[in-house]
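Dumped protein-v9.txt below, it's compact mmCIF, C-alpha atoms (C1' of nucleotides):
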```
# COMPACT_ATOMS: atom_id res chain seq x y z
CA MET R 1321 111.97 83.32 119.44
CA THR R 1322 115.19 85.31 119.60
CA GLN R 1323 113.22 88.15 118.09
CA ILE R 1324 113.20 91.48 119.85
CA THR R 1325 109.94 92.75 121.27
CA SER R 1326 109.42 95.76 119.02
CA GLU R 1327 109.74 93.53 115.96
CA LYS R 1328 107.28 91.06 117.43
CA ILE R 1329 104.85 93.91 117.98
CA LEU R 1330 105.22 95.05 114.39
CA ASP R 1331 104.77 91.50 113.09
CA VAL R 1332 101.57 91.03 115.03
CA ALA R 1333 100.28 94.45 114.03
CA GLN R 1334 100.92 93.61 110.39
CA THR R 1335 98.94 90.39 110.68
CA LEU R 1336 96.11 92.17 112.46
CA ILE R 1337 95.96 94.97 109.90
CA ALA R 1338 95.97 92.45 107.07
CA ALA R 1339 92.96 90.87 108.76
CA GLY R 1340 90.92 93.93 109.67
CA GLY R 1341 92.62 97.22 108.90
CA TYR R 1342 93.48 100.18 111.10
CA ASN R 1343 90.23 100.31 113.01
CA GLY R 1344 90.06 96.54 113.25
CA PHE R 1345 92.73 96.00 115.88
CA SER R 1346 93.72 97.37 119.27
CA TYR R 1347 96.68 97.39 121.63
CA ALA R 1348 94.82 94.77 123.63
CA ASP R 1349 94.87 92.44 120.61
CA ILE R 1350 98.63 92.79 120.30
CA SER R 1351 98.97 92.34 124.04
CA ASP R 1352 97.05 89.06 123.89
CA ALA R 1353 99.00 87.82 120.91
CA ILE R 1354 102.50 88.20 122.32
CA GLY R 1355 101.89 87.99 126.06
CA ILE R 1356 102.93 91.44 127.11
CA ARG R 1357 100.92 94.19 128.84
CA LYS R 1358 99.32 97.02 126.88
CA ALA R 1359 101.47 99.56 128.71
CA SER R 1360 104.63 97.84 127.51
CA ILE R 1361 103.53 98.27 123.92
CA HIS R 1362 103.11 101.98 124.56
CA HIS R 1363 106.72 101.99 125.78
CA HIS R 1364 107.85 100.86 122.33
CA PHE R 1365 105.24 102.76 120.30
CA PRO R 1366 103.71 105.67 122.23
CA THR R 1367 100.68 105.97 119.94
CA LYS R 1368 98.81 103.76 117.53
CA ALA R 1369 99.47 106.18 114.70
CA GLN R 1370 103.22 105.99 115.34
CA LEU R 1371 103.14 102.21 115.55
CA VAL R 1372 101.45 101.92 112.18
CA SER R 1373 103.66 104.61 110.72
CA VAL R 1374 106.82 102.72 111.75
CA LEU R 1375 105.27 99.52 110.46
CA LEU R 1376 104.70 101.14 107.09
CA GLN R 1377 108.28 102.38 106.94
CA ARG R 1378 109.48 98.84 107.54
CA TYR R 1379 106.97 97.57 104.99
CA ALA R 1380 108.19 100.09 102.41
CA LYS R 1381 111.78 99.04 102.94
CA GLN R 1382 110.91 95.35 102.65
CA ALA R 1383 108.93 96.03 99.48
CA GLU R 1384 111.72 98.09 98.00
CA ASP R 1385 114.30 95.42 98.80
CA GLY R 1386 112.06 92.71 97.43
CA LEU R 1387 111.39 94.50 94.17
CA LYS R 1388 115.05 95.46 93.83
CA SER R 1389 116.20 91.89 94.24
CA VAL R 1390 113.61 90.76 91.70
CA SER R 1391 114.95 93.32 89.23
CA ALA R 1392 118.52 92.31 90.01
CA ASN R 1393 118.13 88.54 89.90
CA LEU R 1394 115.72 88.17 87.02
CA PRO R 1395 116.85 89.94 83.87
CA ASN R 1396 113.65 89.15 81.98
CA PRO R 1397 110.76 91.60 82.61
CA ILE R 1398 108.29 88.75 82.09
CA ASP R 1399 109.91 86.84 84.92
CA GLN R 1400 109.94 89.97 87.04
CA LEU R 1401 106.19 90.43 86.73
CA GLN R 1402 105.69 86.73 87.31
CA ALA R 1403 107.76 86.89 90.48
CA TYR R 1404 105.67 89.75 91.79
CA PHE R 1405 102.43 87.89 91.09
CA ASP R 1406 103.82 84.67 92.55
CA HIS R 1407 104.75 86.41 95.76
CA TRP R 1408 101.15 87.33 96.41
CA ARG R 1409 99.71 84.10 95.09
CA SER R 1410 101.89 82.28 97.56
CA CYS R 1411 100.99 84.58 100.47
CA ILE R 1412 97.31 84.16 99.72
CA THR R 1413 97.13 80.44 99.09
CA LYS R 1414 99.27 79.71 102.14
CA ALA R 1415 97.20 82.25 104.07
CA SER R 1416 100.47 83.51 105.53
CA GLU R 1417 99.67 87.10 104.63
CA PRO R 1418 96.39 87.10 102.81
CA PHE R 1419 96.28 90.81 102.07
CA CYS R 1420 98.61 93.70 101.36
CA ILE R 1421 98.39 95.99 104.38
CA CYS R 1422 98.59 99.07 102.20
CA ALA R 1423 95.58 97.90 100.23
CA MET R 1424 93.72 97.33 103.51
CA LEU R 1425 94.64 100.78 104.76
CA ALA R 1426 93.81 102.39 101.42
CA SER R 1427 90.18 101.44 101.85
CA GLU R 1428 90.12 103.31 105.17
CA MET R 1429 92.04 106.28 103.74
CA GLU R 1430 89.53 108.88 104.89
CA LEU R 1431 89.82 107.93 108.56
CA LEU R 1432 93.59 107.45 108.76
CA PRO R 1433 96.00 109.73 110.61
CA GLU R 1434 97.64 112.02 108.08
CA ASP R 1435 101.11 110.50 108.08
CA VAL R 1436 99.80 106.95 107.88
CA ALA R 1437 97.74 107.99 104.88
CA SER R 1438 100.75 109.52 103.17
CA HIS R 1439 102.74 106.31 103.60
CA VAL R 1440 99.92 104.42 101.95
CA ARG R 1441 99.74 106.86 99.07
CA ARG R 1442 103.50 106.61 98.58
CA HIS R 1443 103.29 102.82 98.48
CA PHE R 1444 100.80 103.00 95.64
CA GLU R 1445 103.03 105.45 93.80
CA ASN R 1446 106.14 103.33 94.28
CA LEU R 1447 104.52 100.08 93.25
CA GLY R 1448 102.92 101.74 90.25
CA GLY R 1449 106.29 103.17 89.31
CA TRP R 1450 108.07 99.84 89.56
CA LEU R 1451 105.43 98.05 87.48
CA ALA R 1452 105.58 100.81 84.87
CA SER R 1453 109.36 100.53 84.64
CA VAL R 1454 109.16 96.76 84.20
CA LEU R 1455 106.52 97.17 81.51
CA LYS R 1456 108.54 99.84 79.74
CA ALA R 1457 111.65 97.67 79.71
CA GLY R 1458 109.71 94.66 78.49
CA SER R 1459 108.02 96.72 75.83
CA LYS R 1460 111.35 98.02 74.57
CA GLN R 1461 112.56 94.42 74.26
CA GLU R 1462 109.29 93.60 72.50
CA LEU R 1463 108.36 91.08 75.17
CA PHE R 1464 105.17 92.92 76.02
CA LYS R 1465 102.47 94.26 73.77
CA LEU R 1466 101.01 97.16 75.71
CA GLY R 1467 97.52 98.48 75.07
CA GLY R 1468 98.33 101.90 76.50
CA THR R 1469 101.16 103.75 78.18
CA PRO R 1470 103.34 101.74 80.59
CA GLU R 1471 102.01 103.92 83.42
CA ASN R 1472 98.42 103.15 82.51
CA GLU R 1473 99.08 99.41 82.10
CA ALA R 1474 100.84 99.47 85.47
CA GLN R 1475 97.75 100.96 87.09
CA ILE R 1476 95.63 98.25 85.51
CA LEU R 1477 97.89 95.51 86.85
CA MET R 1478 98.00 96.98 90.33
CA ALA R 1479 94.22 97.34 90.43
CA SER R 1480 93.84 93.75 89.24
CA VAL R 1481 96.07 92.47 92.02
CA HIS R 1482 94.22 94.38 94.72
CA GLY R 1483 90.82 93.52 93.30
CA ALA R 1484 91.83 89.86 93.06
CA MET R 1485 92.84 89.86 96.73
CA LEU R 1486 89.45 91.29 97.59
CA SER R 1487 87.54 88.73 95.52
CA ALA R 1488 89.54 85.86 96.97
CA ARG R 1489 88.66 87.07 100.45
CA ALA R 1490 85.01 87.89 99.76
CA LEU R 1491 84.33 84.57 98.10
CA GLY R 1492 86.52 82.60 100.49
CA LYS R 1493 88.38 81.12 97.51
CA PRO R 1494 92.15 81.76 97.57
CA GLU R 1495 92.54 80.13 94.15
CA ILE R 1496 90.53 82.92 92.55
CA PHE R 1497 93.53 85.21 92.92
CA ALA R 1498 95.57 83.24 90.40
CA ALA R 1499 92.55 82.81 88.15
CA ILE R 1500 92.28 86.58 87.84
CA ILE R 1501 95.98 87.40 87.68
CA ALA R 1502 97.35 84.70 85.37
CA PRO R 1503 95.41 85.97 82.32
CA GLN R 1504 96.90 89.44 82.83
CA LEU R 1505 100.41 88.26 82.14
CA ALA R 1506 99.15 86.07 79.31
CA ARG R 1507 97.45 89.08 77.74
CA LEU R 1508 100.61 91.21 77.89
CA THR R 1509 102.82 88.54 76.37
CA ALA R 1510 100.35 87.42 73.74
CA MET T 31 62.99 115.84 104.13
CA THR T 32 59.84 113.80 103.94
CA GLN T 33 62.05 110.74 104.34
CA ILE T 34 61.28 108.37 107.15
CA THR T 35 63.81 107.96 109.91
CA SER T 36 64.83 104.37 109.33
CA GLU T 37 65.67 105.20 105.72
CA LYS T 38 67.70 108.19 106.82
CA ILE T 39 69.61 105.94 109.21
CA LEU T 40 70.37 103.49 106.43
CA ASP T 41 71.45 106.28 104.09
CA VAL T 42 73.86 107.68 106.64
CA ALA T 43 75.17 104.23 107.53
CA GLN T 44 75.82 103.55 103.86
CA THR T 45 77.81 106.75 103.52
CA LEU T 46 79.77 106.00 106.67
CA ILE T 47 80.56 102.44 105.61
CA ALA T 48 81.66 103.66 102.19
CA ALA T 49 84.04 105.96 104.03
CA GLY T 50 85.44 103.65 106.68
CA GLY T 51 83.87 100.21 106.72
CA TYR T 52 82.12 98.29 109.48
CA ASN T 53 84.53 99.14 112.26
CA GLY T 54 84.88 102.69 111.04
CA PHE T 55 81.55 104.03 112.23
CA SER T 56 79.42 104.04 115.36
CA TYR T 57 75.85 104.71 116.41
CA ALA T 58 77.12 108.03 117.73
CA ASP T 59 78.23 109.00 114.20
CA ILE T 60 74.77 108.29 112.84
CA SER T 61 73.25 110.12 115.78
CA ASP T 62 75.31 113.22 115.01
CA ALA T 63 74.55 113.09 111.32
CA ILE T 64 70.76 113.02 111.52
CA GLY T 65 70.11 114.70 114.87
CA ILE T 66 68.55 111.84 116.74
CA ARG T 67 69.64 110.12 119.97
CA LYS T 68 71.63 106.90 119.90
CA ALA T 69 68.87 105.08 121.74
CA SER T 70 66.41 106.00 119.01
CA ILE T 71 68.62 104.31 116.45
CA HIS T 72 68.53 101.17 118.57
CA HIS T 73 64.74 101.43 118.45
CA HIS T 74 64.86 101.05 114.67
CA PHE T 75 67.83 98.67 114.51
CA PRO T 76 68.46 96.80 117.79
CA THR T 77 72.04 95.87 116.95
CA LYS T 78 74.74 97.11 114.65
CA ALA T 79 74.87 93.73 112.91
CA GLN T 80 71.15 93.91 112.16
CA LEU T 81 71.43 97.47 110.92
CA VAL T 82 74.14 96.55 108.46
CA SER T 83 72.34 93.38 107.50
CA VAL T 84 69.17 95.30 106.62
CA LEU T 85 71.28 97.85 104.78
CA LEU T 86 72.81 95.09 102.69
CA GLN T 87 69.39 93.64 101.86
CA ARG T 88 68.32 97.04 100.61
CA TYR T 89 71.61 97.39 98.74
CA ALA T 90 71.15 94.00 97.10
CA LYS T 91 67.66 94.92 95.97
CA GLN T 92 68.84 98.25 94.56
CA ALA T 93 71.70 96.53 92.76
CA GLU T 94 69.41 93.87 91.35
CA ASP T 95 66.91 96.46 90.16
CA GLY T 96 69.69 98.56 88.68
CA LEU T 97 71.26 95.69 86.77
CA LYS T 98 67.85 94.43 85.64
CA SER T 99 66.89 97.81 84.25
CA VAL T 100 70.23 98.01 82.48
CA SER T 101 69.60 94.62 80.91
CA ALA T 102 66.05 95.60 80.00
CA ASN T 103 66.73 99.05 78.57
CA LEU T 104 69.97 98.43 76.73
CA PRO T 105 69.81 95.51 74.33
CA ASN T 106 73.52 95.71 73.45
CA PRO T 107 75.85 93.91 75.90
CA ILE T 108 78.55 96.50 75.20
CA ASP T 109 76.22 99.24 76.34
CA GLN T 110 75.28 97.17 79.37
CA LEU T 111 78.88 96.90 80.50
CA GLN T 112 79.43 100.55 79.75
CA ALA T 113 76.42 101.49 81.86
CA TYR T 114 77.76 99.51 84.78
CA PHE T 115 81.16 101.19 84.53
CA ASP T 116 79.59 104.61 84.07
CA HIS T 117 77.55 104.17 87.19
CA TRP T 118 80.66 103.85 89.32
CA ARG T 119 82.66 106.40 87.41
CA SER T 120 79.92 108.90 88.09
CA CYS T 121 79.65 107.96 91.79
CA ILE T 122 83.41 108.33 92.20
CA THR T 123 84.02 111.51 90.25
CA LYS T 124 81.07 113.21 91.89
CA ALA T 125 82.21 111.76 95.23
CA SER T 126 78.55 110.97 95.89
CA GLU T 127 79.35 107.36 96.77
CA PRO T 128 83.05 106.88 96.30
CA PHE T 129 83.13 103.18 97.15
CA CYS T 130 80.98 100.09 96.88
CA ILE T 131 80.01 99.19 100.46
CA CYS T 132 80.33 95.49 99.71
CA ALA T 133 83.91 96.02 98.56
CA MET T 134 84.61 97.93 101.76
CA LEU T 135 83.10 95.19 103.87
CA ALA T 136 84.87 92.47 101.91
CA SER T 137 88.21 93.77 103.10
CA GLU T 138 87.03 93.34 106.69
CA MET T 139 85.50 89.93 105.97
CA GLU T 140 87.30 88.16 108.83
CA LEU T 141 85.87 90.43 111.50
CA LEU T 142 82.29 90.69 110.25
CA PRO T 143 79.26 89.14 111.94
CA GLU T 144 78.39 85.95 110.09
CA ASP T 145 75.23 87.09 108.35
CA VAL T 146 76.76 90.38 107.24
CA ALA T 147 79.63 88.40 105.73
CA SER T 148 77.26 86.13 103.87
CA HIS T 149 75.46 89.09 102.34
CA VAL T 150 78.78 90.39 101.12
CA ARG T 151 79.75 87.03 99.65
CA ARG T 152 76.38 86.83 97.90
CA HIS T 153 76.87 90.28 96.40
CA PHE T 154 80.15 89.17 94.86
CA GLU T 155 78.48 86.06 93.49
CA ASN T 156 75.54 87.98 92.05
CA LEU T 157 77.63 90.67 90.44
CA GLY T 158 80.01 88.09 89.01
CA GLY T 159 77.05 86.18 87.65
CA TRP T 160 75.54 89.22 85.99
CA LEU T 161 78.81 90.22 84.38
CA ALA T 162 79.34 86.66 83.16
CA SER T 163 75.88 86.58 81.60
CA VAL T 164 76.47 89.88 79.83
CA LEU T 165 79.82 88.64 78.54
CA LYS T 166 78.33 85.38 77.41
CA ALA T 167 75.53 87.13 75.49
CA GLY T 168 77.97 89.55 73.91
CA SER T 169 80.30 86.75 72.99
CA LYS T 170 77.50 84.83 71.29
CA GLN T 171 76.72 87.95 69.24
CA GLU T 172 80.43 88.23 68.49
CA LEU T 173 80.60 91.65 70.10
CA PHE T 174 83.20 90.52 72.62
CA LYS T 175 86.37 88.60 72.09
CA LEU T 176 86.91 86.77 75.38
CA GLY T 177 90.32 85.55 76.48
CA GLY T 178 88.85 82.90 78.78
CA THR T 179 85.50 81.69 80.02
CA PRO T 180 82.79 84.31 80.58
CA GLU T 181 82.98 83.50 84.29
CA ASN T 182 86.71 84.11 84.41
CA GLU T 183 86.47 87.32 82.40
CA ALA T 184 83.70 88.46 84.71
CA GLN T 185 85.98 87.94 87.73
CA ILE T 186 88.68 89.96 86.00
CA LEU T 187 86.30 92.84 85.34
CA MET T 188 84.95 92.82 88.87
CA ALA T 189 88.44 92.82 90.34
CA SER T 190 89.44 95.67 88.05
CA VAL T 191 86.51 97.76 89.21
CA HIS T 192 87.24 97.19 92.89
CA GLY T 193 90.96 97.67 92.45
CA ALA T 194 90.34 100.86 90.49
CA MET T 195 88.19 102.22 93.32
CA LEU T 196 91.00 101.48 95.73
CA SER T 197 93.65 103.16 93.60
CA ALA T 198 91.49 106.22 93.06
CA ARG T 199 91.09 106.53 96.80
CA ALA T 200 94.69 105.75 97.75
CA LEU T 201 96.11 108.21 95.25
CA GLY T 202 93.41 110.79 95.82
CA LYS T 203 92.73 110.87 92.08
CA PRO T 204 89.13 110.04 91.11
CA GLU T 205 89.99 110.18 87.41
CA ILE T 206 92.23 107.12 87.79
CA PHE T 207 89.11 104.96 88.01
CA ALA T 208 88.16 105.65 84.40
CA ALA T 209 91.79 105.37 83.29
CA ILE T 210 91.87 101.81 84.59
CA ILE T 211 88.38 100.75 83.53
CA ALA T 212 88.04 102.22 80.04
CA PRO T 213 90.79 100.00 78.54
CA GLN T 214 88.98 96.92 79.85
CA LEU T 215 85.99 97.49 77.64
CA ALA T 216 88.25 98.49 74.76
CA ARG T 217 90.16 95.24 75.15
CA LEU T 218 87.00 93.11 75.06
CA THR T 219 85.57 94.82 72.00
CA ALA T 220 88.84 94.98 70.08
C1' DC E 841 124.50 104.26 138.19
C1' DT E 842 121.88 104.49 134.48
C1' DA E 843 119.26 102.94 130.56
C1' DT E 844 115.94 99.80 129.10
C1' DG E 845 112.00 97.05 129.50
C1' DT E 846 108.29 95.42 131.92
C1' DC E 847 104.91 95.67 135.28
C1' DT E 848 100.56 97.23 138.15
C1' DA E 849 97.31 100.47 138.46
C1' DC E 850 95.12 103.88 136.82
C1' DC E 851 92.66 107.60 133.57
C1' DT E 852 89.28 109.50 130.18
C1' DA E 853 86.54 108.84 126.15
C1' DT E 854 83.88 105.95 123.46
C1' DT E 855 81.74 101.59 122.29
C1' DA E 856 77.30 98.88 121.74
C1' DG E 857 73.43 98.17 124.16
C1' DT E 858 69.56 98.59 128.03
C1' DA E 859 65.97 100.46 131.27
C1' DG E 860 62.31 103.05 131.80
C1' DG E 861 59.50 106.76 130.60
C1' DT E 862 56.87 110.40 127.62
C1' DA E 863 54.09 112.43 123.85
C1' DG E 864 51.21 111.87 120.19
C1' DA E 865 48.53 109.20 116.65
C1' DC E 866 45.12 105.82 115.87
C1' DA E 867 41.48 102.50 116.68
C1' DC E 868 37.59 100.65 118.95
C1' DC E 869 33.96 100.61 122.23
C1' DA E 870 30.42 102.47 125.42
C1' DT N 64 31.69 112.15 122.29
C1' DG N 65 34.70 110.72 125.38
C1' DG N 66 37.52 107.17 127.36
C1' DT N 67 40.72 103.34 127.09
C1' DG N 68 44.28 100.74 125.25
C1' DT N 69 47.93 100.17 121.99
C1' DC N 70 51.48 101.48 118.97
C1' DT N 71 55.34 104.25 117.20
C1' DA N 72 58.90 107.23 117.86
C1' DC N 73 61.58 109.38 120.56
C1' DC N 74 63.78 110.75 124.94
C1' DT N 75 67.09 110.79 129.42
C1' DA N 76 69.96 108.17 131.93
C1' DC N 77 72.32 104.39 132.56
C1' DT N 78 75.48 99.97 132.06
C1' DA N 79 79.64 96.97 131.10
C1' DA N 80 83.27 96.62 128.13
C1' DT N 81 86.82 98.42 125.44
C1' DA N 82 89.50 102.12 123.35
C1' DG N 83 94.03 104.62 123.50
C1' DG N 84 97.04 106.43 126.76
C1' DT N 85 99.69 107.73 131.38
C1' DA N 86 102.34 107.48 135.95
C1' DG N 87 105.29 105.45 138.58
C1' DA N 88 107.45 101.29 140.78
C1' DC N 89 110.59 97.51 140.06
C1' DA N 90 113.93 94.58 137.92
C1' DT N 91 117.96 93.70 135.44
C1' DA N 92 121.96 94.24 132.44
C1' DG N 93 125.99 96.95 130.95
```
Translate the structure described by the file into structure tokens.
Amino acid sequence: MTQITSEKILDVAQTLIAAGGYNGFSYADISDAIGIRKASIHHHFPTKAQLVSVLLQRYAKQAEDGLKSVSANLPNPIDQLQAYFDHWRSCITKASEPFCICAMLASEMELLPEDVASHVRRHFENLGGWLASVLKAGSKQELFKLGGTPENEAQILMASVHGAMLSARALGKPEIFAAIIAPQLARLTA
Amino acid sequence: MTQITSEKILDVAQTLIAAGGYNGFSYADISDAIGIRKASIHHHFPTKAQLVSVLLQRYAKQAEDGLKSVSANLPNPIDQLQAYFDHWRSCITKASEPFCICAMLASEMELLPEDVASHVRRHFENLGGWLASVLKAGSKQELFKLGGTPENEAQILMASVHGAMLSARALGKPEIFAAIIAPQLARLTA
DNA sequence: CTATGTCTACCTATTAGTAGGTAGACACCA
DNA sequence: TGGTGTCTACCTACTAATAGGTAGACATAG
């Protein structure tokens, strides 16, 4: 509990967005969650759009750091993909963060403030880029047998991950995430 | 314009949900779209939960009819899958219905009224069941080479479709839907 | 003294939903 | 044929609650 208030606000906002998206939470929800008045939240983040925008900057940095450390610590592209999948499998089965907030926001794309939307778009581009680079490296080492271009295979993997999150949530079965994702890696390494 | 009002309301609601989900539209939005007072919408659908619930019943019936007619008119399981994919590719590229409303609602699952949520869950079950039955039939005819059980492959296909919708929307590139989906069918028929 | 953070108290717009009434179509009965 | 009741569809006008956001007072720490 030594955490500073603005970070607590962002943490709560992230949880709330993962649960219900941009239009699914309010300043009052954050207020209730951390025991601070609505007005105090506005002191830290004047508008909702700014709050979410800052949250997405933090999220992008965390994602970048995470993917970088995966690339750095695991030399094998197979292990790199596995680590990425495992991250989400763990988040989902432990219900700690059952959904990627950028995937949540992507579904609301048409209603989002412009700069929130552009952060979301950038996240999809960055993640797609990282996956493509991992696939390309693994393909060069003949660890992967790609059906198409690395970029196209990356898009397929990313879509599978997001779709698997959705199915797990819709069916109320966290384990379905792994059931959908595991065969993807198996297919690439076959 | 010979359409009756309650159908018009449902049509507009479907479009609005496809755009922004359950919490992304209001009675006022519908009111604006069809030129009728808010109170008149309440006359047809007393509550928002009921409105969406009725919409999902209609949606389920349409989906069932659609899939049944696919099964009836196309004897070949490959063509059946292709027809399903083509349906969404066409909806997305023409921007006529750029997202499955059940996929939209699934992302908001945690905030939905109970009976709306159960309709959504049922849709995922039904669609998964249909895909599994198509895969099973095709597998028996040796048209498909399945990596796992028909049920598991069905889940993978469904997740790919939903994830592909999301990517197309997030990146603002409708054509990415087909780029993700086409290889799925290719893979199964290889 | 000033910067930072929190508070109370407010604002305006919008939310879902309600109360009560009107105009017209239809049926049935005298 | 005309009158009465009922139904559907819509309306104006309202409510309580919630949305995002603001103004200004107060406390406290450097």
Quick one: of T:Thr219, T:Asn53, T:Ser61, T:Thr35, who's nearest to chain R, counting all atoms listed in the file?
->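 When distances to chain R are compared using all atoms listed in the file, the smallest one comes from T:Asn53.
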Around (82.1, 101.8, 88.7) in the file's own coordinates, what residues are found within 9 Å if you use all atoms listed in the file, given back as a list in words?
-> Ala113, Tyr114, Phe115, Asp116, His117, Trp118, Arg119, Ser120, Cys121, Ile122, Phe129, Cys130, Val191, His192, Ala194, Met195, Phe207, Ala208 and Ile211 of chain T
Write out as a PyMOL selection string which residues come within 10 Å of E:DT858 when counting all atoms listed in the file, dropping same-chain ones fewer than 5 positions away.
-> (chain T and resi 69+72) or (chain N and resi 77-78)
Compile a residue-level contact table for chain E against chain R at a cut-off of 9 Å, reporting for every qualifying residue the shortest atom pair and its distance in Å to one decimal, with only C-alpha atoms (C1' of nucleotides) counted, rows ordered by chain and ascending number, as a Markdown table.
```
| residue | atom | partner | partner_atom | distance |
| --- | --- | --- | --- | --- |
| E:DG845 | C1' | R:Ser1360 | CA | 7.7 |
| E:DT846 | C1' | R:Ser1360 | CA | 6.2 |
| E:DC847 | C1' | R:Arg1357 | CA | 7.7 |
```
Pick from E:DT855, E:DC850, E:DT862, E:DC869 nearest to N:DT85, counting all atoms listed in the file =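 Going through E:DT855, E:DC850, E:DT862, E:DC869 one by one, the smallest distance to N:DT85 is for E:DC850.
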Find the residues in chain R near chain N: any atom within 10 Å counts, using only C-alpha atoms (C1' of nucleotides). Write them as number ranges by chain.
-> R: 1346-1348, 1358-1359, 1362, 1366-1368
Considering all atoms listed in the file, state which residue in the set T:Ser126, T:Ser148, T:Gln171, T:Ser163 is at the smallest distance from chain R.
-> T:Ser148
If you count only C-alpha atoms (C1' of nucleotides), which residues fall within 8 Å of stretch 81-95 of chain T, apart from same-chain ones fewer than 4 positions away, as a PyMOL selection string?
-> chain T and resi 40+43-44+75-77+99+145-146+149-150+153
The distance between atom CA of T:Gly51 and atom CA of T:Asn156 is 20.8 Å
At most 6 Å to chain R: residues in chain T, only C-alpha atoms, as number ranges by chain | T: 50, 53, 136, 138, 151, 186, 189-190, 192-194, 200-201, 210
Atoms to include: C-alpha atoms. Write the selected residues as a PDB file, in the coordinates of the input.
```pdb
ATOM      1  CA  GLY T  50      85.440 103.650 106.680  1.00  0.00           C
ATOM      2  CA  ASN T  53      84.530  99.140 112.260  1.00  0.00           C
ATOM      3  CA  ALA T 136      84.870  92.470 101.910  1.00  0.00           C
ATOM      4  CA  GLU T 138      87.030  93.340 106.690  1.00  0.00           C
ATOM      5  CA  ARG T 151      79.750  87.030  99.650  1.00  0.00           C
ATOM      6  CA  ILE T 186      88.680  89.960  86.000  1.00  0.00           C
ATOM      7  CA  ALA T 189      88.440  92.820  90.340  1.00  0.00           C
ATOM      8  CA  SER T 190      89.440  95.670  88.050  1.00  0.00           C
ATOM      9  CA  HIS T 192      87.240  97.190  92.890  1.00  0.00           C
ATOM     10  CA  GLY T 193      90.960  97.670  92.450  1.00  0.00           C
ATOM     11  CA  ALA T 194      90.340 100.860  90.490  1.00  0.00           C
ATOM     12  CA  ALA T 200      94.690 105.750  97.750  1.00  0.00           C
ATOM     13  CA  LEU T 201      96.110 108.210  95.250  1.00  0.00           C
ATOM     14  CA  ILE T 210      91.870 101.810  84.590  1.00  0.00           C
TER      15      ILE T 210
END
```
Two-atom distance - atom CA of R:Lys1493, atom CA of R:Thr1413 (Å) | 8.9 Å
Report the distance between atom CA of R:Val1454 and atom CA of R:Pro1470 in Å, rounded to one decimal place.
-> 8.5 Å
Hey, which of R:Leu1505, R:Gly1449, R:Gln1402, R:Glu1462 ends up closest to R:Val1390? Count all atoms listed in the file.
->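 Smallest distance to R:Val1390 is found for R:Gln1402.
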Restrict the output to stretch 1449-1461 of chain R and N, CA and C atoms, then write it as a CSV table (one decimal), in the first residue's frame.
```csv
chain,number,residue,atom,x,y,z
R,1449,GLY,N,4.0,-6.8,-35.1
R,1449,GLY,CA,5.4,-6.7,-35.5
R,1449,GLY,C,6.3,-7.6,-34.7
R,1450,TRP,N,6.1,-7.6,-33.4
R,1450,TRP,CA,6.9,-8.5,-32.6
R,1450,TRP,C,6.7,-10.0,-32.9
R,1451,LEU,N,5.5,-10.4,-33.0
R,1451,LEU,CA,5.2,-11.8,-33.4
R,1451,LEU,C,5.8,-12.1,-34.8
R,1452,ALA,N,5.7,-11.2,-35.7
R,1452,ALA,CA,6.2,-11.4,-37.0
R,1452,ALA,C,7.8,-11.6,-37.0
R,1453,SER,N,8.4,-10.8,-36.1
R,1453,SER,CA,9.9,-10.9,-36.0
R,1453,SER,C,10.3,-12.2,-35.4
R,1454,VAL,N,9.5,-12.7,-34.4
R,1454,VAL,CA,9.8,-13.9,-33.8
R,1454,VAL,C,9.6,-15.1,-34.8
R,1455,LEU,N,8.5,-15.0,-35.5
R,1455,LEU,CA,8.3,-16.0,-36.5
R,1455,LEU,C,9.3,-16.1,-37.6
R,1456,LYS,N,9.8,-14.9,-38.0
R,1456,LYS,CA,10.8,-14.8,-39.1
R,1456,LYS,C,12.1,-15.4,-38.6
R,1457,ALA,N,12.5,-15.1,-37.3
R,1457,ALA,CA,13.7,-15.6,-36.8
R,1457,ALA,C,13.6,-17.1,-36.7
R,1458,GLY,N,12.5,-17.6,-36.2
R,1458,GLY,CA,12.3,-19.1,-36.0
R,1458,GLY,C,12.3,-19.8,-37.3
R,1459,SER,N,11.7,-19.1,-38.3
R,1459,SER,CA,11.7,-19.7,-39.7
R,1459,SER,C,13.0,-19.8,-40.3
R,1460,LYS,N,13.9,-18.8,-40.0
R,1460,LYS,CA,15.2,-18.8,-40.6
R,1460,LYS,C,16.0,-19.9,-39.9
R,1461,GLN,N,15.8,-20.2,-38.6
R,1461,GLN,CA,16.4,-21.3,-37.9
R,1461,GLN,C,15.8,-22.7,-38.2
```
